[in-house]
$ cat my_file-v8.csv   # CSV, C-alpha atoms and all ligand atoms
chain,number,residue,atom,x,y,z
R,1,MET,CA,124.0,97.0,81.9
R,2,ARG,CA,123.5,95.3,85.3
R,3,ALA,CA,120.3,93.3,85.9
R,4,LEU,CA,119.2,91.6,89.0
R,5,THR,CA,117.9,88.3,87.6
R,6,VAL,CA,116.1,85.3,89.1
R,7,ARG,CA,117.3,82.6,86.6
R,8,THR,CA,115.1,79.9,88.2
R,9,PRO,CA,113.6,79.7,91.7
R,10,GLY,CA,116.4,79.8,94.2
R,11,GLU,CA,119.0,81.2,91.8
R,12,ILE,CA,119.4,85.0,91.8
R,13,ILE,CA,122.4,86.9,90.4
R,14,LEU,CA,123.4,90.4,89.4
R,15,GLU,CA,124.4,89.8,85.8
R,16,GLU,CA,125.7,91.8,82.9
R,17,ARG,CA,123.3,92.1,79.9
R,18,ALA,CA,123.4,94.0,76.6
R,19,ASP,CA,121.7,97.5,76.9
R,20,PRO,CA,118.2,97.4,75.6
R,21,PHE,CA,117.0,100.0,73.0
R,22,ALA,CA,113.7,101.7,72.7
R,23,GLY,CA,111.6,101.0,69.6
R,24,PRO,CA,108.7,103.1,68.2
R,25,GLY,CA,106.3,104.2,71.0
R,26,GLU,CA,108.8,103.3,73.7
R,27,VAL,CA,111.1,105.1,76.1
R,28,LEU,CA,114.4,104.1,77.6
R,29,VAL,CA,114.3,104.7,81.4
R,30,ALA,CA,117.1,104.5,84.0
R,31,PRO,CA,115.6,103.2,87.2
R,32,VAL,CA,116.7,105.2,90.3
R,33,ALA,CA,114.9,103.5,93.2
R,34,VAL,CA,113.4,100.1,93.2
R,35,GLY,CA,111.3,98.7,96.1
R,36,LEU,CA,111.4,95.0,97.1
R,37,CYS,CA,108.4,93.3,98.6
R,38,GLY,CA,107.1,89.9,99.7
R,39,THR,CA,106.0,89.1,96.1
R,40,ASP,CA,109.7,89.4,95.0
R,41,LEU,CA,110.5,86.8,97.7
R,42,ASP,CA,107.7,84.6,96.3
R,43,ILE,CA,109.3,85.0,92.8
R,44,ILE,CA,112.8,84.2,94.2
R,45,ASP,CA,111.6,81.2,96.1
R,46,GLY,CA,109.2,79.9,93.4
R,47,ARG,CA,106.0,80.3,95.5
R,48,ILE,CA,104.1,82.4,93.0
R,49,ASP,CA,101.3,81.1,90.8
R,50,PRO,CA,103.1,79.9,87.7
R,51,ALA,CA,100.5,81.7,85.5
R,52,TYR,CA,101.9,85.0,86.7
R,53,VAL,CA,105.6,84.7,86.3
R,54,ARG,CA,108.3,83.4,83.9
R,55,TYR,CA,111.9,82.6,84.5
R,56,PRO,CA,114.5,84.0,84.0
R,57,ILE,CA,113.1,87.3,85.1
R,58,VAL,CA,114.7,90.6,86.1
R,59,LEU,CA,113.1,91.7,89.4
R,60,GLY,CA,111.6,95.1,90.1
R,61,HIS,CA,107.9,96.1,89.9
R,62,GLU,CA,108.0,99.0,92.4
R,63,TRP,CA,110.2,101.8,91.0
R,64,ALA,CA,110.8,105.2,89.7
R,65,GLY,CA,113.4,106.5,87.3
R,66,THR,CA,114.6,109.0,84.8
R,67,VAL,CA,113.9,108.9,81.0
R,68,VAL,CA,117.1,108.8,79.1
R,69,GLY,CA,115.9,108.3,75.5
R,70,GLY,CA,113.3,107.0,73.1
R,71,ASP,CA,110.0,108.5,72.1
R,72,PRO,CA,110.3,112.3,72.1
R,73,ALA,CA,106.8,112.6,73.8
R,74,VAL,CA,108.7,112.4,77.1
R,75,ALA,CA,111.8,114.5,77.2
R,76,ALA,CA,115.1,113.0,78.4
R,77,GLY,CA,115.7,113.9,82.0
R,78,THR,CA,112.0,113.6,83.0
R,79,ARG,CA,111.5,111.9,86.4
R,80,VAL,CA,108.8,109.2,85.9
R,81,VAL,CA,106.9,106.2,87.2
R,82,VAL,CA,105.6,103.6,84.7
R,83,GLU,CA,102.5,101.5,85.1
R,84,GLY,CA,103.7,97.9,85.7
R,85,VAL,CA,100.7,96.1,84.2
R,86,VAL,CA,100.8,96.5,80.5
R,87,PRO,CA,97.2,96.4,79.2
R,88,CYS,CA,96.5,95.3,75.7
R,89,ARG,CA,93.8,97.9,75.3
R,90,ALA,CA,91.9,95.6,72.9
R,91,CYS,CA,90.1,93.1,75.2
R,92,GLY,CA,86.8,93.4,77.0
R,93,PRO,CA,88.2,94.2,80.5
R,94,CYS,CA,90.6,96.8,79.0
R,95,GLY,CA,87.6,98.4,77.2
R,96,SER,CA,85.7,98.8,80.4
R,97,GLY,CA,88.7,100.2,82.3
R,98,ASP,CA,89.4,97.0,84.2
R,99,THR,CA,93.0,97.0,82.9
R,100,ASN,CA,94.1,95.0,86.0
R,101,ARG,CA,92.2,92.1,84.5
R,102,CYS,CA,93.5,92.4,80.9
R,103,GLU,CA,93.1,89.1,79.2
R,104,SER,CA,96.8,89.2,78.1
R,105,TYR,CA,98.6,89.2,81.4
R,106,ASP,CA,101.8,91.2,81.0
R,107,GLU,CA,103.6,92.9,83.9
R,108,PHE,CA,107.0,94.3,84.6
R,109,GLY,CA,109.0,92.2,87.1
R,110,PHE,CA,106.7,89.2,86.6
R,111,ASN,CA,106.6,88.0,83.0
R,112,ARG,CA,108.4,91.0,81.5
R,113,ASP,CA,111.8,92.1,82.7
R,114,GLY,CA,111.6,94.6,85.6
R,115,ALA,CA,113.4,97.6,86.9
R,116,ALA,CA,116.2,96.2,89.1
R,117,ALA,CA,118.6,97.0,86.3
R,118,ASP,CA,120.4,100.0,84.9
R,119,LEU,CA,118.0,100.4,82.0
R,120,LEU,CA,114.5,99.3,81.1
R,121,VAL,CA,112.3,99.9,78.0
R,122,ALA,CA,108.6,100.8,78.5
R,123,PRO,CA,105.7,101.8,76.3
R,124,VAL,CA,105.4,105.6,76.4
R,125,ARG,CA,101.6,105.4,77.0
R,126,LEU,CA,102.3,104.0,80.5
R,127,VAL,CA,104.7,106.7,81.6
R,128,HIS,CA,103.6,109.3,84.2
R,129,GLU,CA,105.7,112.3,85.1
R,130,LEU,CA,106.5,113.1,88.7
R,131,ALA,CA,106.4,116.7,90.0
R,132,ALA,CA,109.7,118.0,91.1
R,133,HIS,CA,108.8,117.8,94.8
R,134,VAL,CA,107.9,114.1,94.7
R,135,THR,CA,110.7,112.1,96.3
R,136,TRP,CA,112.1,109.0,94.6
R,137,GLU,CA,110.9,107.1,97.7
R,138,SER,CA,107.3,108.1,97.0
R,139,GLY,CA,107.8,107.3,93.3
R,140,ALA,CA,109.0,103.8,94.1
R,141,LEU,CA,105.9,103.3,96.3
R,142,VAL,CA,103.3,104.2,93.6
R,143,GLU,CA,102.9,100.6,92.6
R,144,PRO,CA,101.8,99.1,96.0
R,145,THR,CA,99.9,102.3,96.7
R,146,ALA,CA,97.9,101.9,93.5
R,147,VAL,CA,97.1,98.3,94.6
R,148,VAL,CA,95.7,99.6,97.8
R,149,TYR,CA,93.9,102.6,96.2
R,150,ARG,CA,92.1,100.3,93.7
R,151,ALA,CA,90.9,98.1,96.5
R,152,LEU,CA,89.6,101.1,98.6
R,153,GLU,CA,88.1,102.8,95.5
R,154,ARG,CA,86.1,99.7,95.0
R,155,ALA,CA,85.0,99.3,98.7
R,156,ARG,CA,84.2,103.1,98.8
R,157,PRO,CA,83.8,103.3,102.6
R,158,VAL,CA,81.5,106.2,103.5
R,159,PRO,CA,82.9,108.7,106.1
R,160,GLY,CA,82.8,107.6,109.8
R,161,ARG,CA,83.6,103.9,109.2
R,162,ARG,CA,85.5,101.7,111.7
R,163,VAL,CA,88.3,100.2,109.8
R,164,LEU,CA,90.6,97.2,110.6
R,165,VAL,CA,93.8,96.6,108.7
R,166,VAL,CA,95.2,93.1,109.2
R,167,GLY,CA,98.9,93.1,108.6
R,168,ASP,CA,101.9,95.4,109.3
R,169,GLY,CA,103.9,95.2,106.1
R,170,THR,CA,104.0,97.9,103.4
R,171,VAL,CA,100.6,97.2,101.9
R,172,ALA,CA,99.0,97.2,105.3
R,173,LEU,CA,100.8,100.5,106.3
R,174,LEU,CA,99.7,102.0,103.0
R,175,ALA,CA,96.1,100.9,103.6
R,176,ALA,CA,96.2,102.6,107.0
R,177,ARG,CA,97.4,105.8,105.3
R,178,LEU,CA,95.2,105.8,102.2
R,179,VAL,CA,91.9,104.9,103.9
R,180,HIS,CA,92.1,108.4,105.5
R,181,LEU,CA,91.1,109.8,102.0
R,182,TRP,CA,87.6,108.3,102.9
R,183,SER,CA,87.5,109.9,106.4
R,184,PRO,CA,87.1,106.9,108.6
R,185,ALA,CA,86.2,107.2,112.3
R,186,THR,CA,89.0,104.9,113.5
R,187,VAL,CA,91.7,102.8,111.9
R,188,THR,CA,93.0,99.8,113.9
R,189,VAL,CA,96.0,97.9,112.7
R,190,LEU,CA,96.3,94.3,113.8
R,191,GLY,CA,100.0,93.5,113.2
R,192,ALA,CA,102.3,90.6,113.9
R,193,ARG,CA,105.3,92.4,115.2
R,194,PRO,CA,105.3,95.0,118.0
R,195,ALA,CA,108.3,96.7,116.4
R,196,GLN,CA,106.0,97.9,113.6
R,197,GLU,CA,103.8,100.1,116.0
R,198,PRO,CA,105.6,103.4,115.3
R,199,LEU,CA,105.3,103.0,111.5
R,200,ALA,CA,101.6,102.1,111.8
R,201,LEU,CA,100.9,105.1,114.0
R,202,GLY,CA,102.9,107.2,111.6
R,203,ALA,CA,100.9,105.9,108.7
R,204,GLY,CA,97.7,107.1,110.4
R,205,ALA,CA,96.5,104.1,112.5
R,206,THR,CA,94.5,105.3,115.6
R,207,ARG,CA,95.4,102.1,117.3
R,208,PHE,CA,98.0,99.3,116.9
R,209,THR,CA,97.9,95.8,118.5
R,210,THR,CA,99.3,92.4,117.8
R,211,GLU,CA,96.5,90.7,119.7
R,212,ALA,CA,93.4,89.7,117.7
R,213,ALA,CA,91.4,89.6,120.9
R,214,GLU,CA,92.4,93.2,121.6
R,215,ALA,CA,91.5,94.3,118.1
R,216,GLY,CA,88.1,92.8,118.7
R,217,GLY,CA,85.3,92.7,116.0
R,218,GLY,CA,82.4,94.6,114.6
R,219,TYR,CA,84.4,96.5,111.9
R,220,ASP,CA,82.6,98.1,109.0
R,221,LEU,CA,85.6,97.5,106.7
R,222,VAL,CA,88.4,95.0,107.1
R,223,ILE,CA,91.4,95.1,104.8
R,224,GLU,CA,93.5,91.9,104.9
R,225,ALA,CA,97.0,92.8,103.8
R,226,ALA,CA,99.1,90.2,105.7
R,227,GLY,CA,98.8,87.4,103.2
R,228,SER,CA,98.6,84.5,105.6
R,229,ALA,CA,95.9,81.9,106.2
R,230,ALA,CA,95.7,83.0,109.9
R,231,ALA,CA,95.3,86.7,108.9
R,232,VAL,CA,92.5,85.8,106.5
R,233,THR,CA,90.7,83.9,109.2
R,234,ALA,CA,91.2,86.9,111.6
R,235,ALA,CA,89.8,89.3,108.9
R,236,LEU,CA,86.7,87.2,108.3
R,237,GLY,CA,86.0,87.0,112.0
R,238,ALA,CA,86.3,90.7,112.6
R,239,VAL,CA,83.7,92.1,110.3
R,240,ARG,CA,80.3,93.3,111.5
R,241,ARG,CA,77.1,92.0,110.0
R,242,GLY,CA,76.7,93.7,106.6
R,243,GLY,CA,80.3,94.7,106.6
R,244,ASN,CA,83.0,94.5,104.0
R,245,VAL,CA,86.2,92.4,103.8
R,246,VAL,CA,88.7,93.1,101.2
R,247,LEU,CA,91.5,90.6,100.6
R,248,LEU,CA,94.8,92.0,99.3
R,249,GLY,CA,97.4,89.6,100.6
R,250,PHE,CA,98.8,86.5,98.9
R,251,PRO,CA,99.1,83.6,101.3
R,252,GLY,CA,100.9,81.6,98.6
R,253,ASN,CA,99.7,79.6,95.6
R,254,ASP,CA,97.1,77.0,96.7
R,255,VAL,CA,96.9,77.9,100.4
R,256,GLN,CA,93.4,77.2,101.7
R,257,VAL,CA,91.5,78.5,104.6
R,258,PRO,CA,88.5,76.9,106.3
R,259,VAL,CA,85.5,79.3,106.2
R,260,SER,CA,82.3,79.1,108.2
R,261,ILE,CA,79.9,79.7,105.3
R,262,ASP,CA,77.0,80.1,107.8
R,263,ASP,CA,78.7,82.9,109.5
R,264,LEU,CA,79.3,84.7,106.2
R,265,VAL,CA,75.6,84.2,105.1
R,266,ASN,CA,74.1,85.1,108.5
R,267,GLY,CA,76.5,88.0,108.7
R,268,ASP,CA,75.3,89.3,105.3
R,269,ALA,CA,79.0,90.0,104.7
R,270,THR,CA,80.7,91.1,101.4
R,271,VAL,CA,84.0,89.4,100.8
R,272,SER,CA,86.0,90.5,97.8
R,273,GLY,CA,89.5,90.1,96.4
R,274,SER,CA,91.3,92.9,94.7
R,275,PHE,CA,93.9,92.2,92.1
R,276,SER,CA,96.6,94.7,91.2
R,277,TYR,CA,95.5,98.1,90.0
R,278,THR,CA,93.8,99.8,87.1
R,279,SER,CA,95.4,102.5,84.9
R,280,SER,CA,93.0,104.9,86.5
R,281,ALA,CA,94.0,104.0,90.1
R,282,TRP,CA,97.6,104.5,89.1
R,283,ALA,CA,96.8,107.9,87.6
R,284,SER,CA,94.9,108.9,90.8
R,285,VAL,CA,97.9,108.0,93.0
R,286,VAL,CA,100.3,110.0,90.8
R,287,SER,CA,97.8,113.0,91.0
R,288,LEU,CA,97.7,112.8,94.8
R,289,LEU,CA,101.5,112.8,94.9
R,290,ASN,CA,101.9,115.6,92.4
R,291,ALA,CA,99.3,117.7,94.2
R,292,GLY,CA,101.2,117.3,97.5
R,293,THR,CA,98.2,115.6,99.1
R,294,LEU,CA,100.2,112.4,99.7
R,295,ASP,CA,103.8,111.8,100.6
R,296,LEU,CA,105.0,108.2,101.1
R,297,SER,CA,108.6,108.8,102.0
R,298,PHE,CA,108.0,108.0,105.7
R,299,LEU,CA,107.6,104.3,104.7
R,300,VAL,CA,111.1,103.7,103.5
R,301,THR,CA,113.3,102.3,106.3
R,302,HIS,CA,116.0,100.4,104.5
R,303,ARG,CA,118.1,101.4,101.5
R,304,PHE,CA,120.8,99.3,99.7
R,305,PRO,CA,122.8,99.9,96.6
R,306,LEU,CA,121.9,97.4,93.8
R,307,GLU,CA,125.0,95.4,94.3
R,308,ARG,CA,124.1,94.7,97.9
R,309,TYR,CA,120.8,93.0,96.8
R,310,GLY,CA,121.7,90.0,99.1
R,311,ALA,CA,121.5,92.2,102.2
R,312,ALA,CA,118.3,93.8,100.9
R,313,ILE,CA,116.7,90.4,100.5
R,314,GLU,CA,117.8,89.4,104.0
R,315,ALA,CA,116.3,92.6,105.5
R,316,LEU,CA,113.1,91.7,103.8
R,317,ARG,CA,113.1,88.1,105.0
R,318,ALA,CA,113.8,88.8,108.6
R,319,ALA,CA,113.9,92.0,110.5
R,320,SER,CA,113.7,92.3,114.3
R,321,GLU,CA,113.5,96.1,114.1
R,322,ALA,CA,110.9,98.3,112.5
R,323,ARG,CA,110.8,97.7,108.8
R,324,GLY,CA,108.9,99.6,106.2
R,325,LYS,CA,109.8,99.5,102.5
R,326,VAL,CA,113.2,98.0,101.5
R,327,LEU,CA,114.7,100.0,98.6
R,328,LEU,CA,117.4,99.2,96.1
R,329,GLU,CA,119.3,102.3,94.9
R,330,VAL,CA,120.2,101.7,91.3
R,331,ALA,CA,121.5,105.1,90.3
X,1,ZN,ZN,105.4,94.5,95.3
X,2,ZN,ZN,93.4,93.8,77.6
$ encode --input "my_file-v8.csv" --output "structure tokens"
Amino acid sequence: MRALTVRTPGEIILEERADPFAGPGEVLVAPVAVGLCGTDLDIIDGRIDPAYVRYPIVLGHEWAGTVVGGDPAVAAGTRVVVEGVVPCRACGPCGSGDTNRCESYDEFGFNRDGAAADLLVAPVRLVHELAAHVTWESGALVEPTAVVYRALERARPVPGRRVLVVGDGTVALLAARLVHLWSPATVTVLGARPAQEPLALGAGATRFTTEAAEAGGGYDLVIEAAGSAAAVTAALGAVRRGGNVVLLGFPGNDVQVPVSIDDLVNGDATVSGSFSYTSSAWASVVSLLNAGTLDLSFLVTHRFPLERYGAAIEALRAASEARGKVLLEVA
């Protein structure tokens, strides 16, 4: 099989590997669509926290595919998504449902080979079937959507809130879409590139701007999804007293931001990080897709066959035009 492998930071190749085989309790899946994101660039470039990656690694943590063999609990031909975090189910956090914080970190595309390959083996317990109407594009977006869903589920905004999303990449656009499940009054997106405006409005933003001064402040809920030091500073400065800031972006291992502690204390603010997703957040997103409540296809703007991974990575690094999700088509 082919496998898109980062051998070591800076060295990525599409290599031939022996086909894997499914053991007991496992299924063999043929990935169809694999999304790339900024975290993949961090893995390629070696910017990611070393505790959360190993090299060599096959990329691909946002994907959907077809079961082709293995455990008979899922029939061959079933269209599926597979949770990327592999919880041990034995530790304290797993026992309380916080599977994103499992004490044994194990995740496809990070320290376990991912889906940018013709085949992948996965535990059958992590497999979720997609309804026939759910597109491959939506399936490939379940992973980042579950990340956003988990953060919002934790923040639990009551209806009528003023929401600011900082960022204009996939996670930010998904946040602008998903927060509507909690009936906000307004959703402002503070982006970096004017070309992203149509995607942001399509996602459900009521307003899009690239000027922090225009976005203003006094927000009930601020979701930081840009992953830069400047964006974190903007997010912290835009929350109202008593409001909530959720940090989702990764500025890079060891990036620091000066914070006015007095402002946070006087502002009675809640600032929280949200890491990855729980099994239950993943299941909720699949339910929304299967019920037809959510369709994420609008977000995919770039598609490349697997062998053109170089062009896909370039599209991810620099785009002057509107850019949503960049997909690799494997099958
Ligand atoms: Zn990602
Ligand atoms: Zn665990």
$ closest_residue --input "my_file-v8.csv" --among "R:Val134, R:Val68, R:Val85, R:Leu126" --to "ligand ZN 2 (chain X)" --atoms "only C-alpha atoms and all ligand atoms"
R:Val85
$ closest_residue --input "my_file-v8.csv" --among "R:Ser287, R:Ser320, R:Ser183, R:Gln256" --to "Leu152 (chain R)" --atoms "all atoms listed in the file"
R:Ser183
$ closest_residue --input "my_file-v8.csv" --among "R:Cys37, R:Cys91, R:Ala234, R:Ile57" --to "ligand ZN 2 (chain X)" --atoms "only C-alpha atoms and all ligand atoms"
R:Cys91
$ residues_near_ligand --input "my_file-v8.csv" --ligand "ligand ZN 2 (chain X)" --cutoff "7 Å" --atoms "all atoms listed in the file" --output "list of chain:residue names"
R:Pro87, R:Cys88, R:Arg89, R:Ala90, R:Cys91, R:Gly92, R:Pro93, R:Cys94, R:Thr99, R:Cys102, R:Glu103, R:Ser104
$ closest_atom_pairs --input "my_file-v8.csv" --of "chain R" --to "ligand ZN 1 (chain X)" --cutoff "7 Å" --atoms "all atoms listed in the file" --output "JSON lines"
{"residue": "R:Leu36", "atom": "CA", "partner": "X:ZN1", "partner_atom": "ZN", "distance": 6.3}
{"residue": "R:Cys37", "atom": "CA", "partner": "X:ZN1", "partner_atom": "ZN", "distance": 4.6}
{"residue": "R:Gly38", "atom": "CA", "partner": "X:ZN1", "partner_atom": "ZN", "distance": 6.6}
{"residue": "R:Thr39", "atom": "CA", "partner": "X:ZN1", "partner_atom": "ZN", "distance": 5.5}
{"residue": "R:Asp40", "atom": "CA", "partner": "X:ZN1", "partner_atom": "ZN", "distance": 6.7}
{"residue": "R:His61", "atom": "CA", "partner": "X:ZN1", "partner_atom": "ZN", "distance": 6.2}
{"residue": "R:Glu62", "atom": "CA", "partner": "X:ZN1", "partner_atom": "ZN", "distance": 6.0}
{"residue": "R:Pro144", "atom": "CA", "partner": "X:ZN1", "partner_atom": "ZN", "distance": 5.9}
$ closest_residue --input "my_file-v8.csv" --among "R:Val171, R:Asp106, R:Asn290, R:Gly237" --to "Val80 (chain R)" --atoms "only C-alpha atoms"
R:Asn290
$ closest_residue --input "my_file-v8.csv" --among "R:Glu214, R:Glu314, R:Asp262, R:Asp98" --to "Gly191 (chain R)" --atoms "all atoms listed in the file"
R:Glu214
$ closest_atom_pairs --input "my_file-v8.csv" --of "region 212-314 of chain R" --to "region 6-27 of chain R" --cutoff "9 Å" --atoms "only C-alpha atoms" --output "CSV"
residue,atom,partner,partner_atom,distance
R:Leu306,CA,R:Leu14,CA,8.4
R:Glu307,CA,R:Leu14,CA,7.2
R:Tyr309,CA,R:Leu14,CA,8.3
$ atom_distance --input "my_file-v8.csv" --atom1 "CA of Arg317 (chain R)" --atom2 "CA of Gly60 (chain R)"
16.5 Å
$ atom_distance --input "my_file-v8.csv" --atom1 "CA of Arg177 (chain R)" --atom2 "CA of Thr293 (chain R)"
11.6 Å
$ residues_near_point --input "my_file-v8.csv" --point "(118.5, 91.2, 86.6)" --cutoff "6 Å" --atoms "all atoms listed in the file" --output "CSV table (one decimal) with C-alpha atoms, in the frame of the given file"
chain,number,residue,atom,x,y,z
R,3,ALA,CA,120.3,93.3,85.9
R,4,LEU,CA,119.2,91.6,89.0
R,5,THR,CA,117.9,88.3,87.6
R,14,LEU,CA,123.4,90.4,89.4
R,58,VAL,CA,114.7,90.6,86.1
R,117,ALA,CA,118.6,97.0,86.3
$ decode --input "my_file-v8.csv" --residues "region 286-310 of chain R" --atoms "C-alpha atoms" --output "short mmCIF file (atom, residue, chain, number, x, y, z; two decimals), in the first residue's frame"
data_model
loop_
_atom_site.label_atom_id
_atom_site.label_comp_id
_atom_site.auth_asym_id
_atom_site.auth_seq_id
_atom_site.Cartn_x
_atom_site.Cartn_y
_atom_site.Cartn_z
CA VAL R 286 -21.81 11.66 14.08
CA SER R 287 -25.42 11.71 15.34
CA LEU R 288 -25.90 15.28 14.09
CA LEU R 289 -24.55 14.30 10.66
CA ASN R 290 -26.58 11.09 10.47
CA ALA R 291 -29.74 12.96 11.53
CA GLY R 292 -29.19 15.51 8.76
CA THR R 293 -28.95 18.36 11.32
CA LEU R 294 -25.41 19.15 10.21
CA ASP R 295 -23.67 19.06 6.84
CA LEU R 296 -20.05 20.16 6.63
CA SER R 297 -19.41 19.75 2.89
CA PHE R 298 -19.49 23.53 2.38
CA LEU R 299 -16.13 23.79 4.09
CA VAL R 300 -14.10 21.75 1.58
CA THR R 301 -12.51 24.06 -1.02
CA HIS R 302 -9.44 22.11 -2.15
CA ARG R 303 -9.15 18.47 -3.26
CA PHE R 304 -6.01 16.63 -4.39
CA PRO R 305 -5.31 12.97 -5.17
CA LEU R 306 -2.97 11.41 -2.61
CA GLU R 307 -0.01 11.44 -4.99
CA ARG R 308 -0.32 15.23 -5.29
CA TYR R 309 0.26 15.67 -1.56
CA GLY R 310 2.94 18.27 -2.28
#
